[in-house]
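A.B. asks: Starting off with a structure, shown below.
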Amino acid sequence: MGILDNTDAVIFDMDGTLIDSMWMWKQIDIDYLGRFGYELPDDLQGCIEGMSFKETAVYIKNRFNLPDDIDTMMAAWNEMAYDFYKTKVDFKPGAREFLEELKRRGIRCGMATSNSIELVDAVLDNLKAHEYFEEIHTSSEVPHGKPSPDIYLLVAEKLKVNTDRCLVFEDILPGIQAGKAAGMRVCAVYDRYAHQEINVSLKNADYYVKGFDILMDTPILL
């Protein structure tokens, strides 16, 4: 049975799944916290995985008792990240080719991301990739971020596709859990910045791939 069998729609997480961007967020956290005299704790990245942009701001503000309000924090992060997303962030290997394959097969595509819509638009504009996605939504549009299923349920609803006919691609455990909680099949994608071990992904997802380039080179999966 191929990974795309019984699939009407594929829904992608963005950062760490489709695009190679997680490397820069650690540096942004270092620089931002440094403004207030804090060093980056080793556990911070793991603590905020899956949170929406706003949930992350609330968490960091409360954890470090920062003076900036939530809107100011999010605006600062957008400003710090914008140039990276507009000029330096690229697809992960094989991702564009996989999107082209889905387009060729008539399988609909959506995006369910915890990032801000401003940064989503910046990177998709740069990569000329808006055309691949019928629906793009962020966790800021729903009550709860990942691992709650809200964002995946929203994208499926907008695509008018049954959840059991959806395939999700995710790189982190909260995202994998969100897709499964939405009643969808989930393929975990390796990312060197994801905090869970590979066996955790294997245990919680239906499929696991090292990358889209490998997926495209393995016709039996398609």
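In the structure tokens, each chain is lettered A, B, ... as it comes, each chain's residues begin at 1, and ligands are numbered from 1 in order of appearance.
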Output as JSON lines one row per residue of region 74-147 of chain A within 12 Å of region 184-201 of chain A: the closest atom pair and its distance in Å to one decimal place, counting only C-alpha atoms, sorted by chain and residue number ascending.
C.D. replies:
{"residue": "A:Lys92", "atom": "CA", "partner": "A:Asp191", "partner_atom": "CA", "distance": 9.5}
{"residue": "A:Pro93", "atom": "CA", "partner": "A:Asp191", "partner_atom": "CA", "distance": 11.5}
{"residue": "A:Ala95", "atom": "CA", "partner": "A:Val189", "partner_atom": "CA", "distance": 11.0}
A.B. asks: For Tyr38 (chain A), please output as a ChimeraX atom specification all residues within 12 Å (counting only C-alpha atoms; exclusion window: fewer than 6 positions along the same chain).
C.D. replies: /A:29-32,60,63-66
A.B. asks: Using Å and a single decimal, report how far CA of Leu154 (chain A) sits from CA of Gln45 (chain A).
C.D. replies: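 Answer for the CA of Gln45 (chain A) to CA of Leu154 (chain A) separation: 25.7 Å.
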A.B. asks: Within 10 Å of Glu49 (chain A), counting only C-alpha atoms, which residues show up once you throw out same-chain ones fewer than 4 positions away? Write them as a PyMOL selection string, please.
C.D. replies: chain A and resi 44-45+56+114+145-147+172-175+194-195
A.B. asks: Restricting the calculation to only C-alpha atoms: of A:Glu135, A:Asp5, A:Glu170, A:Asp217, which residue gets closest to Asn204 (chain A)?
C.D. replies: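 Closest to Asn204 (chain A), using only C-alpha atoms: A:Glu170.
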A.B. asks: Find the distance between CA of Thr72 (chain A) and CA of Asp42 (chain A) and write it in Å to one decimal.
C.D. replies: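 If I compute the distance from CA of Thr72 (chain A) to CA of Asp42 (chain A), I get 24.4 Å.
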A.B. asks: Find the residue from A:Lys61, A:His130, A:Lys54, A:Lys86 that sits nearest to Pro143 (chain A); use only C-alpha atoms when measuring.
C.D. replies: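 Distance minimum relative to Pro143 (chain A) lands on A:Lys54.
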A.B. asks: Counting only C-alpha atoms, which residue out of A:Lys160, A:Arg96, A:Lys26, A:Ser139 sits closest to Gly46 (chain A)?
C.D. replies: A:Lys26
